[in-house]
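Data block for final31.txt (compact mmCIF, C-alpha atoms):
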```txt
# COMPACT_ATOMS: atom_id res chain seq x y z
CA MET A 23 0.00 0.00 0.00
CA ALA A 24 1.44 3.36 -1.04
CA SER A 25 1.87 5.97 1.67
CA ILE A 26 3.25 9.42 2.36
CA SER A 27 4.82 10.80 5.46
CA CYS A 28 2.16 12.84 7.16
CA HIS A 29 2.73 15.55 9.76
CA ARG A 30 0.40 17.97 11.42
CA PRO A 31 0.53 21.44 9.87
CA VAL A 32 1.41 24.44 12.00
CA PRO A 33 -1.87 26.21 12.80
CA SER A 34 -2.15 29.42 10.89
CA ASN A 35 -4.74 32.10 10.36
CA LYS A 36 -3.45 32.56 6.85
CA VAL A 37 -5.06 30.42 4.21
CA SER A 38 -2.45 28.81 1.99
CA LEU A 39 -3.65 27.63 -1.38
CA SER A 40 -1.42 26.86 -4.34
CA SER A 41 1.45 29.14 -5.20
CA SER A 42 0.29 29.57 -8.78
CA SER A 43 -3.03 31.29 -8.09
CA SER A 44 -4.33 33.04 -11.17
CA ALA A 45 -5.74 36.57 -11.20
CA LEU A 46 -9.46 36.57 -10.72
CA PHE A 47 -10.59 38.83 -13.51
CA THR A 48 -7.77 38.78 -16.04
CA THR A 49 -6.16 35.36 -16.06
CA PRO A 50 -8.18 32.32 -17.05
CA LEU A 51 -7.62 28.96 -15.44
CA SER A 52 -4.99 26.75 -17.03
CA ARG A 53 -6.19 24.40 -19.73
CA SER A 54 -3.82 21.73 -18.49
CA SER A 55 -4.37 18.24 -19.80
CA LEU A 56 -6.63 15.97 -17.82
CA PHE A 57 -6.15 12.34 -16.94
CA SER A 58 -9.04 9.98 -16.41
CA THR A 59 -9.11 7.30 -13.75
CA VAL A 60 -12.75 6.38 -14.17
CA SER A 61 -13.92 4.83 -17.41
CA VAL A 62 -16.26 7.27 -19.17
CA PRO A 63 -17.79 6.58 -22.58
CA SER A 64 -16.14 8.56 -25.38
CA ARG A 65 -17.88 11.60 -26.82
CA ALA A 66 -18.44 12.04 -30.51
CA SER A 67 -17.22 15.34 -31.92
CA CYS A 68 -18.57 17.75 -34.53
CA GLY A 69 -18.95 21.49 -35.03
CA ARG A 70 -21.13 23.72 -32.85
CA ILE A 71 -24.53 24.72 -34.25
CA SER A 72 -25.03 28.41 -34.95
CA CYS A 73 -28.76 29.26 -35.14
CA ARG A 74 -29.72 31.93 -37.67
CA ILE A 75 -32.47 32.74 -40.13
CA SER A 76 -31.41 32.69 -43.77
CA SER A 77 -33.31 33.06 -47.01
CA THR A 78 -30.56 31.40 -48.98
CA SER A 79 -30.05 27.70 -49.41
CA ALA A 80 -27.34 27.36 -46.81
CA PRO A 81 -25.84 23.93 -46.19
CA PRO A 82 -27.60 21.91 -43.48
CA PRO A 83 -26.25 22.21 -39.91
CA PRO A 84 -24.07 19.42 -38.53
CA SER A 85 -25.90 16.30 -37.42
CA SER A 86 -27.33 16.57 -33.90
CA VAL A 87 -27.34 12.83 -33.21
CA ASN A 88 -24.37 13.18 -30.91
CA GLY A 89 -24.23 16.95 -30.86
CA PRO A 90 -21.39 19.44 -31.35
CA ALA A 91 -18.17 19.18 -29.42
CA LYS A 92 -17.64 20.99 -26.13
CA ALA A 93 -14.79 23.12 -27.43
CA GLY A 94 -12.94 24.70 -24.50
CA MET A 95 -15.47 23.25 -22.04
CA LYS A 96 -15.17 20.42 -19.55
CA ASP A 97 -17.46 18.13 -17.60
CA PHE A 98 -16.96 17.73 -13.84
CA LEU A 99 -17.80 14.12 -13.07
CA HIS A 100 -14.97 12.80 -10.86
CA ILE A 101 -12.22 14.70 -9.06
CA SER A 102 -9.66 12.20 -10.34
CA ASP A 103 -10.42 13.26 -13.94
CA PHE A 104 -8.17 16.26 -13.19
CA ASP A 105 -4.55 16.65 -12.16
CA LYS A 106 -3.30 18.31 -8.98
CA ALA A 107 -2.56 21.66 -10.62
CA THR A 108 -6.08 21.93 -12.03
CA ILE A 109 -7.76 20.97 -8.75
CA MET A 110 -5.68 23.52 -6.83
CA LYS A 111 -6.43 26.25 -9.38
CA ILE A 112 -10.15 25.56 -9.04
CA LEU A 113 -9.80 25.82 -5.25
CA ASP A 114 -7.81 29.05 -5.64
CA ARG A 115 -10.55 30.43 -7.86
CA ALA A 116 -13.19 29.40 -5.33
CA ALA A 117 -11.43 31.38 -2.60
CA GLU A 118 -11.08 34.41 -4.88
CA VAL A 119 -14.70 34.44 -6.05
CA LYS A 120 -15.86 33.82 -2.47
CA ALA A 121 -13.98 36.94 -1.37
CA VAL A 122 -15.66 38.98 -4.09
CA ILE A 123 -19.14 37.76 -3.13
CA LYS A 124 -18.53 38.24 0.60
CA SER A 125 -17.34 41.81 -0.06
CA GLY A 126 -20.75 42.69 -1.47
CA ASP A 127 -19.36 43.39 -4.93
CA ARG A 128 -21.99 42.42 -7.51
CA THR A 129 -20.15 43.58 -10.63
CA PHE A 130 -18.42 40.25 -11.38
CA LEU A 131 -21.00 38.58 -13.62
CA PRO A 132 -19.27 35.92 -15.73
CA PHE A 133 -22.51 33.93 -16.09
CA LYS A 134 -24.52 36.89 -17.43
CA GLY A 135 -26.78 35.74 -20.25
CA LYS A 136 -26.23 32.06 -19.42
CA THR A 137 -28.69 29.48 -18.16
CA MET A 138 -28.21 26.25 -16.22
CA ALA A 139 -30.55 23.27 -16.18
CA MET A 140 -30.58 21.55 -12.78
CA ILE A 141 -31.83 17.97 -12.86
CA PHE A 142 -32.90 16.57 -9.48
CA ALA A 143 -33.77 12.89 -9.42
CA LYS A 144 -32.84 13.19 -5.72
CA PRO A 145 -34.11 16.27 -3.87
CA SER A 146 -31.65 18.34 -1.83
CA MET A 147 -31.77 21.69 -0.04
CA ARG A 148 -28.03 22.42 -0.13
CA THR A 149 -27.43 21.31 -3.70
CA ARG A 150 -30.34 23.29 -5.11
CA VAL A 151 -29.85 26.48 -3.12
CA SER A 152 -26.06 26.55 -3.46
CA PHE A 153 -26.10 26.01 -7.24
CA GLU A 154 -29.07 28.29 -7.93
CA THR A 155 -27.89 31.11 -5.68
CA GLY A 156 -24.28 30.89 -6.80
CA PHE A 157 -25.19 30.93 -10.49
CA PHE A 158 -27.54 33.89 -9.90
CA LEU A 159 -24.97 35.91 -7.93
CA LEU A 160 -22.57 35.61 -10.87
CA GLY A 161 -25.19 36.78 -13.36
CA GLY A 162 -26.82 33.57 -14.57
CA HIS A 163 -30.27 31.98 -14.42
CA ALA A 164 -30.81 28.44 -13.10
CA ILE A 165 -33.83 26.27 -13.94
CA TYR A 166 -34.96 23.63 -11.44
CA LEU A 167 -36.19 20.32 -12.87
CA GLY A 168 -37.53 18.13 -10.07
CA PRO A 169 -38.04 14.37 -9.92
CA ASN A 170 -41.44 14.58 -11.65
CA ASP A 171 -40.48 17.17 -14.28
CA ILE A 172 -38.39 14.83 -16.42
CA GLN A 173 -38.43 11.29 -14.98
CA MET A 174 -35.19 10.78 -16.84
CA GLY A 175 -34.79 7.23 -18.09
CA LYS A 176 -38.50 6.52 -17.60
CA ARG A 177 -40.58 9.06 -19.46
CA GLU A 178 -37.67 10.08 -21.70
CA GLU A 179 -34.30 8.52 -22.43
CA THR A 180 -31.27 10.13 -20.82
CA ARG A 181 -29.55 10.68 -24.18
CA ASP A 182 -32.58 12.61 -25.46
CA VAL A 183 -32.81 14.72 -22.31
CA ALA A 184 -29.11 15.58 -22.64
CA ARG A 185 -29.40 16.71 -26.25
CA VAL A 186 -32.58 18.72 -25.74
CA LEU A 187 -31.34 20.56 -22.65
CA SER A 188 -28.04 21.29 -24.41
CA ARG A 189 -29.96 23.33 -26.98
CA TYR A 190 -31.63 25.45 -24.32
CA ASN A 191 -28.88 25.83 -21.72
CA ASP A 192 -25.19 26.57 -21.36
CA ILE A 193 -24.52 24.02 -18.61
CA ILE A 194 -26.28 21.08 -16.94
CA MET A 195 -26.06 20.01 -13.30
CA ALA A 196 -27.58 16.69 -12.30
CA ARG A 197 -28.18 15.02 -8.94
CA VAL A 198 -29.14 11.43 -9.70
CA PHE A 199 -29.15 7.91 -8.29
CA ALA A 200 -27.31 5.70 -10.80
CA HIS A 201 -23.81 6.83 -11.72
CA GLN A 202 -24.39 5.63 -15.28
CA ASP A 203 -26.99 8.39 -15.65
CA ILE A 204 -24.40 11.13 -15.18
CA LEU A 205 -22.03 9.37 -17.57
CA ASP A 206 -24.78 9.12 -20.19
CA LEU A 207 -25.70 12.77 -19.74
CA ALA A 208 -22.08 13.79 -20.27
CA LYS A 209 -21.71 11.51 -23.28
CA HIS A 210 -24.67 12.99 -25.16
CA ALA A 211 -24.77 16.59 -23.90
CA THR A 212 -23.04 19.27 -25.94
CA VAL A 213 -22.59 21.56 -22.93
CA PRO A 214 -20.65 20.87 -19.71
CA VAL A 215 -22.24 18.46 -17.24
CA ILE A 216 -21.62 18.85 -13.50
CA ASN A 217 -22.07 15.88 -11.17
CA GLY A 218 -24.24 17.17 -8.32
CA LEU A 219 -24.22 13.69 -6.73
CA THR A 220 -24.63 10.06 -7.71
CA ASP A 221 -24.79 6.89 -5.67
CA TYR A 222 -21.10 6.43 -6.51
CA ASN A 223 -19.57 9.83 -5.77
CA HIS A 224 -20.15 13.46 -4.79
CA PRO A 225 -17.26 15.52 -6.18
CA CYS A 226 -18.74 18.98 -5.56
CA GLN A 227 -19.11 18.20 -1.84
CA ILE A 228 -15.49 17.11 -1.50
CA MET A 229 -14.24 20.21 -3.35
CA ALA A 230 -16.17 22.30 -0.82
CA ASP A 231 -14.67 20.19 1.97
CA ALA A 232 -11.16 20.72 0.61
CA LEU A 233 -11.73 24.49 0.49
CA THR A 234 -12.99 24.42 4.08
CA ILE A 235 -9.97 22.45 5.33
CA ILE A 236 -7.61 24.87 3.59
CA GLU A 237 -9.36 27.81 5.24
CA HIS A 238 -9.30 26.34 8.76
CA VAL A 239 -6.26 24.06 8.94
CA GLY A 240 -4.17 26.20 6.61
CA ARG A 241 -3.63 23.62 3.88
CA LEU A 242 -4.89 20.31 2.54
CA GLU A 243 -1.64 18.53 1.73
CA GLY A 244 -0.24 16.48 4.58
CA THR A 245 -3.39 16.63 6.69
CA LYS A 246 -5.05 13.59 8.26
CA VAL A 247 -8.74 13.27 7.40
CA VAL A 248 -10.65 10.52 9.22
CA TYR A 249 -14.10 9.55 8.01
CA VAL A 250 -16.23 7.58 10.49
CA GLY A 251 -19.31 5.77 9.20
CA ASP A 252 -20.60 4.11 6.04
CA GLY A 253 -18.20 3.62 3.13
CA ASN A 254 -20.47 5.56 0.78
CA ASN A 255 -20.24 8.03 -2.12
CA ILE A 256 -18.60 10.63 0.13
CA VAL A 257 -15.81 8.17 0.93
CA HIS A 258 -15.39 7.34 -2.75
CA SER A 259 -14.93 11.04 -3.52
CA TRP A 260 -12.36 11.41 -0.73
CA LEU A 261 -10.49 8.43 -2.16
CA LEU A 262 -10.52 9.95 -5.65
CA LEU A 263 -9.19 13.23 -4.24
CA ALA A 264 -6.47 11.26 -2.44
CA ALA A 265 -5.43 9.90 -5.83
CA VAL A 266 -4.60 13.47 -6.85
CA ILE A 267 -3.63 15.46 -3.73
CA PRO A 268 -1.28 13.98 -1.08
CA PHE A 269 -2.83 13.61 2.37
CA HIS A 270 -3.61 10.85 4.86
CA PHE A 271 -7.13 9.48 4.49
CA VAL A 272 -8.66 6.95 6.88
CA CYS A 273 -12.11 5.39 6.59
CA ALA A 274 -13.35 3.76 9.80
CA CYS A 275 -16.46 1.69 9.09
CA PRO A 276 -18.15 -1.50 10.31
CA LYS A 277 -17.24 -4.77 8.63
CA GLY A 278 -19.31 -5.23 5.51
CA PHE A 279 -19.73 -1.48 4.97
CA GLU A 280 -16.33 -0.74 3.45
CA PRO A 281 -16.06 1.52 0.38
CA ASP A 282 -15.88 0.11 -3.14
CA ALA A 283 -12.77 -2.08 -3.36
CA LYS A 284 -11.83 -0.90 -6.87
CA THR A 285 -11.91 2.73 -5.77
CA VAL A 286 -9.75 1.97 -2.74
CA LEU A 287 -7.27 0.18 -4.99
CA LYS A 288 -7.28 3.08 -7.44
CA ALA A 289 -6.37 5.51 -4.66
CA GLN A 290 -3.67 3.22 -3.29
CA GLN A 291 -2.13 2.51 -6.68
CA ALA A 292 -1.92 6.21 -7.46
CA GLY A 293 0.86 6.29 -4.86
CA ILE A 294 -0.04 9.85 -3.84
CA SER A 295 -1.60 9.51 -0.39
CA LYS A 296 -1.63 7.21 2.60
CA ILE A 297 -4.91 5.27 2.52
CA GLU A 298 -6.30 3.23 5.41
CA ILE A 299 -9.55 1.29 5.76
CA THR A 300 -10.20 0.15 9.32
CA ASN A 301 -12.97 -1.11 11.61
CA ASP A 302 -11.59 0.71 14.69
CA PRO A 303 -12.78 4.33 14.93
CA GLN A 304 -11.02 4.98 18.26
CA GLU A 305 -7.63 4.16 16.82
CA ALA A 306 -8.40 5.81 13.49
CA VAL A 307 -9.12 9.30 14.86
CA ARG A 308 -5.90 9.68 16.86
CA GLY A 309 -3.94 12.64 15.53
CA ALA A 310 -6.64 13.62 13.05
CA ASP A 311 -6.86 17.14 11.69
CA VAL A 312 -10.45 16.47 10.63
CA VAL A 313 -13.03 13.95 11.83
CA TYR A 314 -15.77 13.57 9.22
CA SER A 315 -19.17 11.92 9.46
CA ASP A 316 -22.27 11.33 7.35
CA VAL A 317 -25.67 9.71 7.84
CA TRP A 318 -25.60 5.94 8.25
CA ALA A 319 -28.51 5.40 5.85
CA SER A 320 -28.54 7.60 2.75
CA MET A 321 -31.52 8.42 0.58
CA GLY A 322 -32.78 5.16 -0.90
CA GLN A 323 -31.52 3.18 2.12
CA LYS A 324 -34.04 4.32 4.72
CA GLU A 325 -35.62 0.88 4.90
CA GLU A 326 -32.25 -0.29 6.25
CA ALA A 327 -32.03 2.45 8.89
CA ALA A 328 -33.03 0.31 11.91
CA HIS A 329 -30.62 -2.46 10.95
CA ARG A 330 -27.80 0.00 10.30
CA ARG A 331 -28.27 1.66 13.69
CA GLN A 332 -27.52 -1.69 15.31
CA VAL A 333 -24.53 -2.48 13.08
CA PHE A 334 -23.04 0.99 13.46
CA GLN A 335 -23.02 1.00 17.27
CA GLY A 336 -19.61 2.32 18.33
CA PHE A 337 -19.25 4.49 15.22
CA GLN A 338 -21.06 7.55 16.53
CA VAL A 339 -18.89 10.66 16.60
CA ASP A 340 -19.34 11.87 20.17
CA GLU A 341 -17.39 14.05 22.56
CA ASN A 342 -15.22 11.14 23.70
CA LEU A 343 -14.19 10.28 20.16
CA MET A 344 -13.32 13.91 19.45
CA LYS A 345 -11.17 13.96 22.61
CA LEU A 346 -9.21 11.01 21.23
CA ALA A 347 -8.66 12.98 18.02
CA GLY A 348 -7.09 15.81 19.98
CA PRO A 349 -7.88 19.45 20.78
CA LYS A 350 -6.96 20.72 17.32
CA ALA A 351 -9.23 18.34 15.40
CA TYR A 352 -12.13 19.86 13.49
CA PHE A 353 -15.46 18.14 12.97
CA MET A 354 -17.07 18.08 9.51
CA HIS A 355 -20.36 16.67 8.21
CA CYS A 356 -21.80 17.01 4.70
CA LEU A 357 -25.35 17.41 6.14
CA PRO A 358 -28.15 16.75 6.71
CA ALA A 359 -27.17 15.28 10.07
CA GLU A 360 -29.25 12.96 12.20
CA ARG A 361 -28.24 14.38 15.55
CA GLY A 362 -28.07 11.70 18.21
CA VAL A 363 -27.42 8.99 15.60
CA GLU A 364 -24.12 9.28 13.70
CA VAL A 365 -23.09 12.39 15.66
CA THR A 366 -24.13 13.96 18.94
CA ASP A 367 -25.70 17.39 19.15
CA GLY A 368 -22.78 18.53 21.31
CA VAL A 369 -20.21 17.72 18.61
CA VAL A 370 -22.20 19.52 15.92
CA GLU A 371 -22.48 22.63 18.10
CA ALA A 372 -18.94 22.56 19.49
CA PRO A 373 -16.50 25.41 18.73
CA ASN A 374 -14.34 23.12 16.59
CA SER A 375 -17.30 22.12 14.41
CA ILE A 376 -17.03 23.69 10.96
CA VAL A 377 -20.10 22.09 9.38
CA PHE A 378 -21.77 25.40 8.52
CA PRO A 379 -18.74 27.07 6.88
CA GLN A 380 -18.44 23.74 5.07
CA ALA A 381 -22.05 24.00 3.87
CA GLU A 382 -21.52 27.59 2.72
CA ASN A 383 -18.48 26.55 0.72
CA ARG A 384 -20.63 24.32 -1.46
CA MET A 385 -21.69 27.47 -3.31
CA HIS A 386 -18.20 28.91 -3.66
CA ALA A 387 -16.55 25.66 -4.74
CA GLN A 388 -19.32 25.01 -7.26
CA ASN A 389 -19.02 28.52 -8.70
CA ALA A 390 -15.36 27.85 -9.38
CA ILE A 391 -16.13 24.44 -10.87
CA MET A 392 -18.67 25.99 -13.24
CA LEU A 393 -16.26 28.77 -14.23
CA HIS A 394 -13.68 26.13 -15.06
CA ALA A 395 -16.18 23.94 -16.93
CA LEU A 396 -17.30 26.88 -19.06
CA GLY A 397 -13.74 28.05 -19.70
CA LEU A 398 -14.34 31.40 -18.00
```
Could you render the structure as structure tokens?
Amino acid sequence: MASISCHRPVPSNKVSLSSSSSALFTTPLSRSSLFSTVSVPSRASCGRISCRISSTSAPPPPSSVNGPAKAGMKDFLHISDFDKATIMKILDRAAEVKAVIKSGDRTFLPFKGKTMAMIFAKPSMRTRVSFETGFFLLGGHAIYLGPNDIQMGKREETRDVARVLSRYNDIIMARVFAHQDILDLAKHATVPVINGLTDYNHPCQIMADALTIIEHVGRLEGTKVVYVGDGNNIVHSWLLLAAVIPFHFVCACPKGFEPDAKTVLKAQQAGISKIEITNDPQEAVRGADVVYSDVWASMGQKEEAAHRRQVFQGFQVDENLMKLAGPKAYFMHCLPAERGVEVTDGVVEAPNSIVFPQAENRMHAQNAIMLHALGL
């Protein structure tokens, strides 16, 4: 198993991002080459359609079966589709745009005249409000499409939804169940597709988490992040980040609830970070910079909730577990939290809990992701 030497960073009030931060308004993000670690179907390529009225017998537009190419645009499906420099530049941009928004300046409107289609097969307060508000604050208009508006894959095929929405909108965000749905959207859409969550991963959440850790710990590299709970899509996203950025990641979960073995292997074989999967939360949290938790039964698993509460006994993040982590350890949770189940109310409300700055950073991280995806 590949590992790195991890040490606790010196606490600092100064946020340290990458040293190559680009200027917010004048310097675009680097178009550095991407590398893919998750198999995504290839995308056919042809010229972009320009709509105009003409009285002459102009040649027919390019075929729309697979749609025009996304020239200069990028999907955001998995963190490991990008290299370290690109991820850090997106995080730099998130911090810069956050500062502009927090200052009250409303003159930075890169999304002016643009629209975003938001597909929600799974409802979510944070995902909807953070995407819709963030896109609006930067000048754009977001359109909410709820579970009954499309019924993607049932009432209409995913490939048709992708191609129709691409002709109305500049970008698509989707929060779905099956990971194949987001891959199919990206394959057939002719505009960037952002993964708002699938059963496999949640890259926007982990980008927000990384931004939050940088702000509070001072950096991401070399930190120890300990996740306690179910080896779910949040864990998969942490593992994919660990395949790109060097840090120490530990997942403490009950036997039988480990994360996807192929994803664990992918992170280990990358040779970037130290990866540990354990069934001992008390030992796992020692020396942690961050202790992270999530609900034990996600949406679509609620019928298992009673069984999981029995199996997950001993994996609640309580005050005693946080004491084992040490006085400098922060607590994080992607929310919503079931207080008194996977985490106590006291831990959520403690001074070292950063769950609400973490939730806020969903908007700022996603703004930067969309700027990058649109080549702005």
Give as number ranges by chain the set of residues within 12 Å of the point (-21.8, 21.3, -3.7), where distances use the file's coordinates and all atoms listed in the file. A: 98, 116, 146-156, 195-197, 216-219, 223-233, 256, 356-357, 380-392
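Here the question is which of A:Val198, A:Arg331, A:Lys120, A:Ile101 gets nearest to Glu360 (chain A) using only C-alpha atoms, and that residue is A:Arg331.
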Do you have the CA of Ala264 (chain A)-CA of Asn301 (chain A) distance handy? 19.8 Å
Using CA of His210 (chain A) and CA of Leu396 (chain A) as the two end points, give the distance in Å to one decimal.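 Separation between CA of His210 (chain A) and CA of Leu396 (chain A): 16.9 Å.
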Neighbour residues at most 10 Å from (-13.2, 11.3, 14.4) (only C-alpha atoms) as a compact mmCIF listing (two decimals) with C-alpha atoms, in the frame of the given file:
```
# COMPACT_ATOMS: atom_id res chain seq x y z
CA VAL A 247 -8.74 13.27 7.40
CA VAL A 248 -10.65 10.52 9.22
CA TYR A 249 -14.10 9.55 8.01
CA VAL A 250 -16.23 7.58 10.49
CA GLY A 251 -19.31 5.77 9.20
CA VAL A 272 -8.66 6.95 6.88
CA CYS A 273 -12.11 5.39 6.59
CA ALA A 274 -13.35 3.76 9.80
CA PRO A 303 -12.78 4.33 14.93
CA GLN A 304 -11.02 4.98 18.26
CA GLU A 305 -7.63 4.16 16.82
CA ALA A 306 -8.40 5.81 13.49
CA VAL A 307 -9.12 9.30 14.86
CA ARG A 308 -5.90 9.68 16.86
CA GLY A 309 -3.94 12.64 15.53
CA ALA A 310 -6.64 13.62 13.05
CA ASP A 311 -6.86 17.14 11.69
CA VAL A 312 -10.45 16.47 10.63
CA VAL A 313 -13.03 13.95 11.83
CA TYR A 314 -15.77 13.57 9.22
CA SER A 315 -19.17 11.92 9.46
CA PHE A 337 -19.25 4.49 15.22
CA GLN A 338 -21.06 7.55 16.53
CA VAL A 339 -18.89 10.66 16.60
CA ASP A 340 -19.34 11.87 20.17
CA GLU A 341 -17.39 14.05 22.56
CA ASN A 342 -15.22 11.14 23.70
CA LEU A 343 -14.19 10.28 20.16
CA MET A 344 -13.32 13.91 19.45
CA LYS A 345 -11.17 13.96 22.61
CA LEU A 346 -9.21 11.01 21.23
CA ALA A 347 -8.66 12.98 18.02
CA GLY A 348 -7.09 15.81 19.98
CA ALA A 351 -9.23 18.34 15.40
CA TYR A 352 -12.13 19.86 13.49
CA PHE A 353 -15.46 18.14 12.97
CA MET A 354 -17.07 18.08 9.51
```
I'd like to know which of A:Cys275, A:Ile294, A:Leu187, A:Leu393 is closest to Gly336 (chain A), using all atoms listed in the file. A:Cys275
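Straight-line separation from CA of Phe130 (chain A) to CA of Ile165 (chain A): 21.0 Å.
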Kindly indicate which residue among A:Leu263, A:Ala139, A:Val370, A:Val365 lies nearest to Gln290 (chain A), using only C-alpha atoms for the distances.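 For Gln290 (chain A), the nearest of the given residues is A:Leu263.
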Excluding same-chain residues fewer than 6 positions from Phe133 (chain A), what lies within 6 Å of it counting all atoms listed in the file, as a short mmCIF file (atom, residue, chain, number, x, y, z; two decimals) with C-alpha atoms, in the coordinates of the input?
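Full text of result-v2.cif as output:
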```cif
data_model
loop_
_atom_site.label_atom_id
_atom_site.label_comp_id
_atom_site.auth_asym_id
_atom_site.auth_seq_id
_atom_site.Cartn_x
_atom_site.Cartn_y
_atom_site.Cartn_z
CA LEU A 160 -22.57 35.61 -10.87
CA GLY A 161 -25.19 36.78 -13.36
CA GLY A 162 -26.82 33.57 -14.57
#
```
For Phe104 (chain A), which of A:Val266, A:Val317, A:Val377, A:Ala164 is the closest residue, counting all atoms listed in the file?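 Of all the options, A:Val266 lies closest to Phe104 (chain A).
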Provide an axis-aligned box for all listed atoms of region 349-363 of chain A, padding each side by 4 Å; report its centre and its edge lengths in Å to one decimal, as JSON.
```
{"center_x": -18.1, "center_y": 14.9, "center_z": 12.7, "size_x": 30.3, "size_y": 19.7, "size_z": 24.1}
```
Minimum-distance residue to Phe269 (chain A), chosen among A:Asn254, A:Asn191, A:Asn170, A:Thr245 (using all atoms listed in the file): A:Thr245
Looking at A:Leu159, A:Ala319, A:Ile112, A:Ala289, which one is nearest to Thr129 (chain A), with distances taken over all atoms listed in the file?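 For Thr129 (chain A), the nearest of the given residues is A:Leu159.
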So that I can check the surroundings of Trp318 (chain A), please list as a PDB file with C-alpha atoms, keeping the file's coordinate frame every protein, DNA and RNA residue that reaches within 7 Å of it, counting only C-alpha atoms and ignoring chain neighbours fewer than 4 positions away.
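To be explicit, this is the file written out as around.pdb:
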```
ATOM      1  CA  GLY A 251     -19.310   5.770   9.200  1.00  0.00           C
ATOM      2  CA  ASP A 252     -20.600   4.110   6.040  1.00  0.00           C
ATOM      3  CA  ARG A 330     -27.800   0.000  10.300  1.00  0.00           C
ATOM      4  CA  GLU A 364     -24.120   9.280  13.700  1.00  0.00           C
TER       5      GLU A 364
END
```
